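input-v5.tsv follows; it contains TSV, C-alpha atoms.
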```tsv
chain	number	residue	atom	x	y	z
D	1	MET	CA	32.37	47.35	124.91
D	2	THR	CA	32.19	51.01	125.84
D	3	GLU	CA	30.81	53.63	123.50
D	4	LEU	CA	33.20	55.09	120.93
D	5	ARG	CA	34.58	58.28	122.37
D	6	SER	CA	34.97	61.29	120.08
D	7	VAL	CA	37.40	64.11	120.77
D	8	GLY	CA	35.67	67.53	120.64
D	9	ILE	CA	37.20	70.86	119.69
D	10	GLY	CA	39.90	71.88	122.14
D	11	GLN	CA	40.02	68.50	123.88
D	12	ILE	CA	42.66	65.84	124.45
D	13	ILE	CA	41.68	62.22	125.06
D	14	ILE	CA	44.15	59.38	125.56
D	15	VAL	CA	43.06	55.73	125.61
D	16	ARG	CA	44.72	52.33	125.82
D	17	ALA	CA	44.02	49.33	123.56
D	18	PRO	CA	41.51	47.89	122.89
D	19	GLU	CA	39.46	51.07	123.36
D	20	PRO	CA	39.04	52.89	120.02
D	21	LEU	CA	39.03	56.66	119.68
D	22	ALA	CA	37.58	59.00	117.06
D	23	CYS	CA	37.53	62.59	115.96
D	24	ILE	CA	34.39	63.32	113.97
D	25	GLY	CA	33.59	66.14	111.55
D	26	LEU	CA	36.93	67.84	111.04
D	27	GLY	CA	36.87	70.83	108.71
D	28	SER	CA	39.62	73.36	109.14
D	29	CYS	CA	40.39	71.80	112.52
D	30	VAL	CA	43.24	69.28	112.71
D	31	ALA	CA	43.33	66.03	114.67
D	32	VAL	CA	46.88	65.26	115.80
D	33	ILE	CA	46.90	61.54	116.52
D	34	MET	CA	49.79	60.06	118.51
D	35	TYR	CA	50.37	56.36	119.05
D	36	ASP	CA	52.89	54.30	120.98
D	37	PRO	CA	52.95	50.80	119.44
D	38	VAL	CA	54.48	49.11	122.52
D	39	THR	CA	52.19	50.39	125.28
D	40	LYS	CA	49.37	50.67	122.71
D	41	LEU	CA	48.46	54.11	123.99
D	42	GLY	CA	46.66	56.32	121.52
D	43	GLY	CA	45.87	60.00	121.97
D	44	ILE	CA	44.19	62.70	119.93
D	45	VAL	CA	44.12	66.47	120.28
D	46	HIS	CA	41.50	68.34	118.22
D	47	VAL	CA	42.93	71.81	117.51
D	48	LEU	CA	40.92	74.76	116.21
D	49	LEU	CA	43.50	77.49	115.63
D	50	PRO	CA	47.20	77.61	114.76
D	51	ASN	CA	48.77	79.76	117.46
D	52	ALA	CA	48.05	80.41	121.11
D	53	PRO	CA	47.78	84.13	121.88
D	54	ARG	CA	50.37	83.83	124.67
D	55	SER	CA	52.74	81.16	125.87
D	56	SER	CA	50.48	79.74	128.59
D	57	PRO	CA	46.86	80.08	127.45
D	58	GLU	CA	43.93	78.93	129.60
D	59	ASN	CA	43.15	76.03	127.32
D	60	PRO	CA	46.25	75.01	125.39
D	61	GLU	CA	44.34	72.14	123.74
D	62	LYS	CA	42.61	74.59	121.41
D	63	TYR	CA	45.76	75.63	119.56
D	64	ALA	CA	48.03	73.70	117.20
D	65	ASP	CA	51.27	74.82	118.85
D	66	THR	CA	50.40	74.36	122.53
D	67	GLY	CA	47.94	71.51	121.93
D	68	THR	CA	50.46	69.29	120.14
D	69	ARG	CA	52.99	69.82	122.94
D	70	LYS	CA	50.43	69.09	125.62
D	71	LEU	CA	49.33	65.88	123.89
D	72	LEU	CA	52.93	64.63	123.86
D	73	GLN	CA	53.38	65.51	127.55
D	74	GLU	CA	50.22	63.67	128.54
D	75	MET	CA	51.21	60.64	126.45
D	76	LEU	CA	54.54	60.54	128.29
D	77	VAL	CA	52.87	60.86	131.70
D	78	LYS	CA	50.64	57.88	130.84
D	79	GLY	CA	53.68	55.78	130.04
D	80	ALA	CA	54.40	56.23	126.33
D	81	ARG	CA	58.01	56.68	125.23
D	82	LYS	CA	58.95	59.57	123.03
D	83	ASP	CA	61.23	57.60	120.72
D	84	ARG	CA	58.42	55.15	119.97
D	85	ILE	CA	55.60	57.65	119.44
D	86	VAL	CA	54.45	58.19	115.87
D	87	ALA	CA	52.01	60.85	114.74
D	88	LYS	CA	49.32	61.06	112.07
D	89	LEU	CA	47.48	64.18	110.97
D	90	VAL	CA	43.92	64.49	109.68
D	91	GLY	CA	41.93	67.60	108.75
D	92	GLY	CA	42.92	71.15	107.87
D	93	ALA	CA	40.52	71.60	104.97
D	94	GLN	CA	39.29	74.89	103.60
D	95	MET	CA	35.52	74.54	103.91
D	96	PHE	CA	34.47	77.86	102.41
D	97	PRO	CA	37.07	78.66	99.73
D	98	GLY	CA	34.70	81.29	98.29
D	99	MET	CA	35.27	83.41	101.38
D	100	ASN	CA	39.03	83.44	101.10
D	101	LEU	CA	39.13	87.17	100.48
D	102	TYR	CA	37.67	87.75	103.88
D	103	VAL	CA	39.17	85.01	106.02
D	104	LYS	CA	42.49	83.31	105.58
D	105	ASP	CA	42.95	79.59	105.12
D	106	ILE	CA	42.90	78.48	108.77
D	107	GLY	CA	43.11	74.80	107.83
D	108	LYS	CA	46.40	75.19	106.05
D	109	ALA	CA	47.81	77.37	108.83
D	110	ASN	CA	46.83	74.71	111.37
D	111	CYS	CA	48.64	71.98	109.40
D	112	THR	CA	51.78	74.07	108.95
D	113	GLU	CA	51.93	74.81	112.66
D	114	VAL	CA	51.41	71.18	113.71
D	115	TRP	CA	54.16	70.05	111.32
D	116	LYS	CA	56.52	72.69	112.66
D	117	VAL	CA	55.94	71.69	116.30
D	118	LEU	CA	56.24	67.95	115.58
D	119	ARG	CA	59.55	68.57	113.84
D	120	GLU	CA	60.79	70.58	116.82
D	121	LEU	CA	59.72	67.81	119.19
D	122	GLY	CA	61.34	65.16	117.00
D	123	ILE	CA	58.14	63.13	116.51
D	124	ARG	CA	57.89	61.08	113.33
D	125	VAL	CA	54.85	61.64	111.13
D	126	THR	CA	53.86	58.37	109.49
D	127	GLY	CA	50.68	59.42	107.74
D	128	GLU	CA	48.51	62.38	106.88
D	129	ASP	CA	45.30	63.21	105.09
D	130	ILE	CA	45.11	66.98	105.18
D	131	GLU	CA	44.01	70.19	103.40
D	132	GLY	CA	41.75	70.17	100.33
D	133	SER	CA	38.13	71.22	100.74
D	134	LYS	CA	36.41	68.18	102.23
D	135	GLY	CA	35.47	67.47	105.83
D	136	ARG	CA	36.81	64.29	107.42
D	137	SER	CA	36.37	61.97	110.38
D	138	ALA	CA	39.27	59.98	111.84
D	139	TYR	CA	39.00	56.65	113.67
D	140	LEU	CA	41.99	55.31	115.57
D	141	ASP	CA	42.34	51.57	116.14
D	142	THR	CA	44.53	51.37	119.23
D	143	ASN	CA	45.30	47.67	118.64
D	144	THR	CA	47.18	48.43	115.44
D	145	GLY	CA	47.72	52.21	115.38
D	146	LYS	CA	45.89	52.37	112.06
D	147	VAL	CA	43.77	55.42	111.38
D	148	THR	CA	40.72	55.20	109.11
D	149	VAL	CA	39.69	58.45	107.48
D	150	LYS	CA	36.17	58.92	106.16
D	151	SER	CA	34.64	61.82	104.26
D	152	ALA	CA	30.99	62.58	103.71
D	153	PHE	CA	31.01	61.14	100.18
D	154	SER	CA	34.29	59.48	99.25
D	155	ASP	CA	35.67	56.08	100.16
D	156	ARG	CA	37.54	55.48	103.37
D	157	ARG	CA	41.29	55.74	103.49
D	158	ILE	CA	43.60	53.91	105.89
D	159	LEU	CA	46.66	55.70	107.28
U	160	MET	CA	27.69	86.00	134.00
U	161	THR	CA	25.21	85.20	136.78
U	162	GLU	CA	22.47	82.72	136.05
U	163	GLU	CA	19.77	85.35	136.25
U	164	HIS	CA	21.65	87.64	133.92
U	165	ALA	CA	22.30	84.80	131.49
U	166	GLY	CA	18.58	84.04	131.48
U	167	ARG	CA	17.75	87.63	130.54
U	168	VAL	CA	20.40	87.63	127.80
U	169	LEU	CA	19.01	84.45	126.28
U	170	GLU	CA	15.45	85.80	126.42
U	171	THR	CA	16.41	88.98	124.56
U	172	ILE	CA	18.50	87.19	121.96
U	173	ARG	CA	15.69	84.72	121.40
U	174	GLU	CA	13.36	87.58	120.51
U	175	PHE	CA	15.98	89.09	118.23
U	176	ALA	CA	16.57	85.83	116.37
U	177	ASN	CA	12.84	85.06	116.09
U	178	ILE	CA	12.28	88.24	114.17
U	179	GLY	CA	15.25	87.64	111.88
U	180	ALA	CA	14.31	84.06	111.17
U	181	GLY	CA	10.67	84.99	110.61
U	182	SER	CA	11.68	87.40	107.90
U	183	ALA	CA	14.04	84.87	106.28
U	184	ALA	CA	11.40	82.16	106.33
U	185	THR	CA	8.96	84.46	104.56
U	186	ALA	CA	11.51	85.09	101.81
U	187	LEU	CA	12.26	81.39	101.52
U	188	SER	CA	8.54	80.57	101.40
U	189	SER	CA	7.94	82.80	98.41
U	190	LEU	CA	11.09	81.60	96.65
U	191	LEU	CA	10.07	77.97	97.03
U	192	ASP	CA	6.36	78.53	96.79
U	193	LEU	CA	5.86	76.48	99.90
U	194	GLU	CA	4.47	77.37	103.28
U	195	LEU	CA	7.05	77.45	106.05
U	196	MET	CA	6.59	77.65	109.77
U	197	ASN	CA	9.15	78.78	112.30
U	198	GLU	CA	9.60	76.91	115.49
U	199	VAL	CA	10.60	78.56	118.72
U	200	THR	CA	14.19	79.71	118.82
U	201	ALA	CA	16.53	77.87	121.11
U	202	CYS	CA	19.63	79.54	122.39
U	203	SER	CA	22.32	78.38	124.67
U	204	ILE	CA	25.68	79.40	126.02
U	205	LEU	CA	28.03	76.51	125.31
U	206	PRO	CA	31.70	75.57	125.30
U	207	LEU	CA	33.07	75.42	121.73
U	208	ALA	CA	33.46	71.64	121.99
U	209	ASN	CA	29.73	71.11	122.61
U	210	VAL	CA	28.19	73.16	119.82
U	211	THR	CA	27.92	70.35	117.26
U	212	ASP	CA	26.44	67.96	119.82
U	213	TRP	CA	23.87	70.59	120.74
U	214	LEU	CA	22.89	70.63	117.05
U	215	GLY	CA	22.54	66.86	116.86
U	216	GLY	CA	26.12	65.58	116.39
U	217	PRO	CA	29.04	66.37	114.08
U	218	ASP	CA	28.61	63.48	111.62
U	219	GLN	CA	25.34	64.40	109.89
U	220	VAL	CA	25.64	65.51	106.28
U	221	VAL	CA	24.24	69.01	105.81
U	222	ALA	CA	24.24	71.88	103.35
U	223	GLY	CA	25.53	75.05	104.98
U	224	SER	CA	25.55	78.63	103.72
U	225	TYR	CA	27.72	80.91	105.72
U	226	THR	CA	28.29	84.62	105.92
U	227	GLN	CA	30.04	86.87	108.36
U	228	LEU	CA	28.99	90.33	109.42
U	229	CYS	CA	31.83	92.75	109.10
U	230	GLY	CA	30.50	96.13	110.28
U	231	ASP	CA	29.91	97.24	113.89
U	232	LEU	CA	28.14	93.99	114.48
U	233	ARG	CA	30.28	90.91	114.13
U	234	SER	CA	28.70	87.52	113.94
U	235	GLY	CA	28.77	84.37	111.88
U	236	ILE	CA	25.37	83.45	110.51
U	237	LEU	CA	24.56	80.12	108.89
U	238	VAL	CA	21.62	78.52	107.20
U	239	ILE	CA	21.84	74.78	107.68
U	240	LEU	CA	19.72	72.29	105.76
U	241	PRO	CA	19.81	68.55	106.44
U	242	GLU	CA	20.74	66.44	103.44
U	243	HIS	CA	17.21	65.47	102.41
U	244	SER	CA	15.90	69.04	102.66
U	245	ALA	CA	18.77	70.48	100.64
U	246	LYS	CA	18.15	67.84	97.97
U	247	THR	CA	14.42	68.69	97.86
U	248	LEU	CA	15.27	72.36	97.60
U	249	LEU	CA	17.83	71.97	94.83
U	250	GLU	CA	15.70	69.61	92.78
U	251	HIS	CA	12.79	72.01	93.13
U	252	LEU	CA	14.87	74.99	92.00
U	253	THR	CA	16.98	73.45	89.24
U	254	LYS	CA	14.52	70.81	87.99
U	255	GLU	CA	17.30	68.25	87.71
U	256	ASP	CA	18.52	65.28	89.72
U	257	VAL	CA	21.00	66.09	92.43
U	258	ASP	CA	24.05	64.01	93.30
U	259	PHE	CA	25.38	65.47	96.53
U	260	ALA	CA	28.82	64.00	96.13
U	261	ASN	CA	29.26	65.93	92.89
U	262	LEU	CA	27.29	69.14	92.89
U	263	ASN	CA	27.65	70.99	89.58
U	264	SER	CA	28.33	74.68	89.51
U	265	LEU	CA	24.68	75.62	88.93
U	266	GLN	CA	23.55	73.60	91.93
U	267	ARG	CA	26.30	75.01	94.10
U	268	SER	CA	25.40	78.50	93.01
U	269	ALA	CA	21.70	77.89	93.69
U	270	LEU	CA	22.56	76.74	97.18
U	271	LYS	CA	24.65	79.86	97.77
U	272	GLU	CA	21.89	82.07	96.46
U	273	VAL	CA	19.26	80.52	98.71
U	274	GLY	CA	21.62	81.06	101.62
U	275	ASN	CA	22.24	84.60	100.50
U	276	ILE	CA	18.54	85.44	100.31
U	277	CYS	CA	17.79	83.92	103.71
U	278	LEU	CA	20.74	85.60	105.36
U	279	CYS	CA	19.93	89.00	103.89
U	280	TRP	CA	16.29	88.88	104.94
U	281	TYR	CA	17.33	87.82	108.40
U	282	LEU	CA	19.66	90.78	108.58
U	283	ILE	CA	17.19	93.30	107.14
U	284	ALA	CA	14.70	92.47	109.87
U	285	VAL	CA	17.09	92.54	112.80
U	286	SER	CA	18.98	95.55	111.54
U	287	LYS	CA	15.73	97.56	111.40
U	288	MET	CA	14.85	96.46	114.88
U	289	VAL	CA	18.09	97.56	116.49
U	290	ASN	CA	18.75	100.37	114.04
U	291	ILE	CA	22.28	99.32	113.15
U	292	ASP	CA	23.52	98.74	109.60
U	293	MET	CA	24.73	95.23	109.04
U	294	ILE	CA	27.23	94.38	106.34
U	295	PRO	CA	27.46	90.72	105.36
U	296	SER	CA	30.43	89.32	103.46
U	297	PRO	CA	29.58	87.45	100.23
U	298	PRO	CA	28.31	84.05	101.39
U	299	ASP	CA	29.69	80.67	100.51
U	300	ALA	CA	28.02	77.28	100.65
U	301	THR	CA	29.19	73.73	101.07
U	302	VAL	CA	27.78	70.26	101.59
U	303	ASP	CA	29.64	68.26	104.20
U	304	LEU	CA	29.67	66.89	107.74
U	305	LEU	CA	28.12	69.33	110.21
U	306	GLY	CA	31.27	69.34	112.34
U	307	ALA	CA	33.34	70.36	109.33
U	308	VAL	CA	30.89	73.04	108.21
U	309	LEU	CA	30.98	74.64	111.66
U	310	ASP	CA	34.77	74.65	112.00
U	311	MET	CA	35.40	77.96	110.32
U	312	PRO	CA	32.62	79.91	112.06
U	313	LEU	CA	33.81	78.48	115.37
U	314	ALA	CA	37.46	79.21	114.57
U	315	THR	CA	36.58	82.82	113.83
U	316	LEU	CA	34.98	83.14	117.26
U	317	GLY	CA	37.30	80.77	119.05
U	318	ALA	CA	40.29	83.04	118.63
U	319	LYS	CA	38.75	85.18	121.37
U	320	VAL	CA	36.52	82.98	123.48
U	321	ASP	CA	36.00	79.45	124.74
U	322	THR	CA	32.25	79.59	125.17
U	323	VAL	CA	29.84	80.81	122.53
U	324	LEU	CA	26.24	81.86	122.45
U	325	ALA	CA	24.52	79.80	119.79
U	326	VAL	CA	21.08	80.72	118.53
U	327	HIS	CA	19.07	78.19	116.59
U	328	THR	CA	15.72	78.72	114.84
U	329	CYS	CA	14.14	75.78	113.10
U	330	PHE	CA	11.77	76.08	110.13
U	331	LYS	CA	9.54	73.37	108.75
U	332	GLY	CA	7.53	73.04	105.57
U	333	ILE	CA	3.81	72.63	106.12
U	334	GLY	CA	2.60	69.54	104.33
U	335	ARG	CA	5.97	68.81	102.81
U	336	GLU	CA	9.14	67.25	104.14
U	337	PHE	CA	11.34	70.27	104.42
U	338	GLU	CA	13.22	71.70	107.36
U	339	GLY	CA	16.33	73.56	108.31
U	340	TYR	CA	17.63	76.08	110.78
U	341	PHE	CA	19.41	79.38	111.22
U	342	LEU	CA	22.40	79.52	113.45
U	343	MET	CA	23.85	82.76	114.76
U	344	LEU	CA	27.19	82.93	116.57
U	345	PRO	CA	27.69	86.53	117.70
U	346	GLU	CA	30.93	87.92	119.09
U	347	GLU	CA	30.79	89.24	122.63
U	348	SER	CA	30.96	92.92	121.66
U	349	THR	CA	28.10	92.35	119.23
U	350	LEU	CA	26.05	90.66	121.88
U	351	LYS	CA	26.51	93.67	124.16
U	352	LEU	CA	25.47	96.05	121.40
U	353	ILE	CA	22.35	94.03	120.59
U	354	LEU	CA	21.35	93.78	124.25
U	355	ASP	CA	21.90	97.48	124.65
U	356	ARG	CA	19.67	98.39	121.75
U	357	MET	CA	17.01	95.82	122.57
U	358	GLY	CA	16.77	97.12	126.14
U	359	ASP	CA	16.26	100.72	125.09
U	360	PRO	CA	13.48	101.10	122.50
U	361	LYS	CA	14.26	104.79	121.93
U	362	GLY	CA	17.90	104.14	121.09
```

Kindly transcribe the structure held in the file into structure tokens.
Amino acid sequence: MTELRSVGIGQIIIVRAPEPLACIGLGSCVAVIMYDPVTKLGGIVHVLLPNAPRSSPENPEKYADTGTRKLLQEMLVKGARKDRIVAKLVGGAQMFPGMNLYVKDIGKANCTEVWKVLRELGIRVTGEDIEGSKGRSAYLDTNTGKVTVKSAFSDRRIL
Amino acid sequence: MTEEHAGRVLETIREFANIGAGSAATALSSLLDLELMNEVTACSILPLANVTDWLGGPDQVVAGSYTQLCGDLRSGILVILPEHSAKTLLEHLTKEDVDFANLNSLQRSALKEVGNICLCWYLIAVSKMVNIDMIPSPPDATVDLLGAVLDMPLATLGAKVDTVLAVHTCFKGIGREFEGYFLMLPEESTLKLILDRMGDPKG
């Protein structure tokens, strides 16, 4: 079997079953995970910031608004169908709450923006593990569409 | 940036970071009563997505103290300790057993304070060298996956750029298992200012 691929900041990776996919070490970043249960296509975009500075940025994958849209487009190109795609969200924590006077809660802003875009696109969200103050890693099983979320210290959670 | 130019930039920044980290390691040495040695600074210009891999992968558990400069110079600066070193440090300072999953407020505060001291000594040294006042925000500390710890510093930079200059200076305890590193992520305008001042000793 091939090595487990992990989606880095500002990247989109789409794989087909049985290849698994992961997004490791999410803090305030959000992993938007899309899955089509019929074609068994799974894709993840790892977004860093909520909003793109202009409508067509150089790397749309970095932002929650443009990244989520681009992930859907690429899923469709690879053969997924929009009415079958479900989404799961992981991440969006506030890692340094003690600095909240100086920097705003980027994690929460990322989650809000992803939710807004998914609602506009009409994509169903079937699971989320977001916000709080703990980092997470997400592992997508493309055979089942299940997402396992692990933190540094707590037990794993299945979405 | 041409390759030759990039090489010169990295050389200058390496010198800058060496001096900062040297000063911070001295402060940490006397706080911990333990001899520390700095290793040569590594710096690299990397896409945002590759920073955690450059530092050994996003899934290691680390203790990170983070501050941001908010004057003329703008940069995120972190002190990162691998799990075992942070545990050694906390047990040494607080004289109690440390359970990383549930740090109590004293332990968390000790971690912040160690970060604060290191960061300030780093800044004192480099600020003297380039003759610019540096104003750090109050630091905060957390224990988590490296990828998660770096998200906010990268997000702060990532709003403007896709590639960052990351500067990494490792320190090691002599005769004792203790290590960690400083990580500096300067904004582009800050980088220019530093290069400017470093190139002109009179300025």

Interface list for chain D, partner chain U, 6 Å threshold, all atoms listed in the file, as an MDAnalysis selection string
chainID D and resid 8:9 25:28 48 96 98 135 152:153

Within 12 Å of D:Glu74, counting all atoms listed in the file, which residues show up once you throw out same-chain ones fewer than 6 positions away? Write them as number ranges by chain, please.
D: 12-15, 34-35, 41-45, 61, 67-68, 80-82

Need the shell around D:Ala109: protein/DNA/RNA residues with any atom at most 12 Å away, counting only C-alpha atoms. Skip same-chain ones fewer than 2 positions apart. Format as a PDB file with C-alpha atoms, keeping the file's coordinate frame?
```
ATOM      1  CA  SER D  28      39.620  73.360 109.140  1.00  0.00           C
ATOM      2  CA  CYS D  29      40.390  71.800 112.520  1.00  0.00           C
ATOM      3  CA  VAL D  30      43.240  69.280 112.710  1.00  0.00           C
ATOM      4  CA  VAL D  47      42.930  71.810 117.510  1.00  0.00           C
ATOM      5  CA  LEU D  48      40.920  74.760 116.210  1.00  0.00           C
ATOM      6  CA  LEU D  49      43.500  77.490 115.630  1.00  0.00           C
ATOM      7  CA  PRO D  50      47.200  77.610 114.760  1.00  0.00           C
ATOM      8  CA  ASN D  51      48.770  79.760 117.460  1.00  0.00           C
ATOM      9  CA  TYR D  63      45.760  75.630 119.560  1.00  0.00           C
ATOM     10  CA  ALA D  64      48.030  73.700 117.200  1.00  0.00           C
ATOM     11  CA  ASP D  65      51.270  74.820 118.850  1.00  0.00           C
ATOM     12  CA  GLY D  91      41.930  67.600 108.750  1.00  0.00           C
ATOM     13  CA  GLY D  92      42.920  71.150 107.870  1.00  0.00           C
ATOM     14  CA  ALA D  93      40.520  71.600 104.970  1.00  0.00           C
ATOM     15  CA  GLN D  94      39.290  74.890 103.600  1.00  0.00           C
ATOM     16  CA  VAL D 103      39.170  85.010 106.020  1.00  0.00           C
ATOM     17  CA  LYS D 104      42.490  83.310 105.580  1.00  0.00           C
ATOM     18  CA  ASP D 105      42.950  79.590 105.120  1.00  0.00           C
ATOM     19  CA  ILE D 106      42.900  78.480 108.770  1.00  0.00           C
ATOM     20  CA  GLY D 107      43.110  74.800 107.830  1.00  0.00           C
ATOM     21  CA  CYS D 111      48.640  71.980 109.400  1.00  0.00           C
ATOM     22  CA  THR D 112      51.780  74.070 108.950  1.00  0.00           C
ATOM     23  CA  GLU D 113      51.930  74.810 112.660  1.00  0.00           C
ATOM     24  CA  VAL D 114      51.410  71.180 113.710  1.00  0.00           C
ATOM     25  CA  TRP D 115      54.160  70.050 111.320  1.00  0.00           C
ATOM     26  CA  LYS D 116      56.520  72.690 112.660  1.00  0.00           C
ATOM     27  CA  ILE D 130      45.110  66.980 105.180  1.00  0.00           C
ATOM     28  CA  GLU D 131      44.010  70.190 103.400  1.00  0.00           C
TER      29      GLU D 131
ATOM     30  CA  ALA U 314      37.460  79.210 114.570  1.00  0.00           C
TER      31      ALA U 314
END
```

Exercise: stretch 281-292 of chain U partners within 7 Å, only C-alpha atoms, chain neighbours under 2 positions left out, as a PDB file with C-alpha atoms, keeping the file's coordinate frame:
```pdb
ATOM      1  CA  PHE U 175      15.980  89.090 118.230  1.00  0.00           C
ATOM      2  CA  ILE U 178      12.280  88.240 114.170  1.00  0.00           C
ATOM      3  CA  GLY U 179      15.250  87.640 111.880  1.00  0.00           C
ATOM      4  CA  ALA U 180      14.310  84.060 111.170  1.00  0.00           C
ATOM      5  CA  SER U 182      11.680  87.400 107.900  1.00  0.00           C
ATOM      6  CA  ALA U 183      14.040  84.870 106.280  1.00  0.00           C
ATOM      7  CA  CYS U 277      17.790  83.920 103.710  1.00  0.00           C
ATOM      8  CA  LEU U 278      20.740  85.600 105.360  1.00  0.00           C
ATOM      9  CA  CYS U 279      19.930  89.000 103.890  1.00  0.00           C
ATOM     10  CA  ILE U 294      27.230  94.380 106.340  1.00  0.00           C
ATOM     11  CA  ILE U 353      22.350  94.030 120.590  1.00  0.00           C
ATOM     12  CA  ARG U 356      19.670  98.390 121.750  1.00  0.00           C
ATOM     13  CA  MET U 357      17.010  95.820 122.570  1.00  0.00           C
TER      14      MET U 357
END
```

Quick one: everything within 8 Å of U:Phe337, counting all atoms listed in the file, minus sequence neighbours fewer than 3 positions away in the same chain. Send it as a PyMOL selection string.
chain U and resi 243-244+247+331-332

Please determine an axis-aligned box that encloses all atoms of stretch 217-234 of chain U listed in the file, with 5 Å added on each side, and express its centre and edge lengths in Å to one decimal as JSON.
```
{"center_x": 28.0, "center_y": 80.4, "center_z": 108.9, "size_x": 17.6, "size_y": 43.8, "size_z": 21.1}
```

With all atoms listed in the file as the basis for distance, which of U:Pro295, U:Val323, U:Asn177, U:Ile276 is at the shortest distance from U:Gly230?
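Smallest distance to U:Gly230 is found for U:Pro295.
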
Kindly indicate which residue among U:Ile333, U:Leu316, U:Val273, U:Leu252 lies nearest to U:Asn197, using all atoms listed in the file for the distances.
U:Ile333

Residue neighbourhood U:Ala165, 12 Å, all atoms listed in the file, exclusion window fewer than 5 positions, as a VMD selection string
chain U and resid 160 170 to 172 202 to 205 324 350 354

So what do you get for atom CA of D:Lys78 versus atom CA of D:Val90, distance-wise?
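Distance between the two atoms: 23.2 Å.
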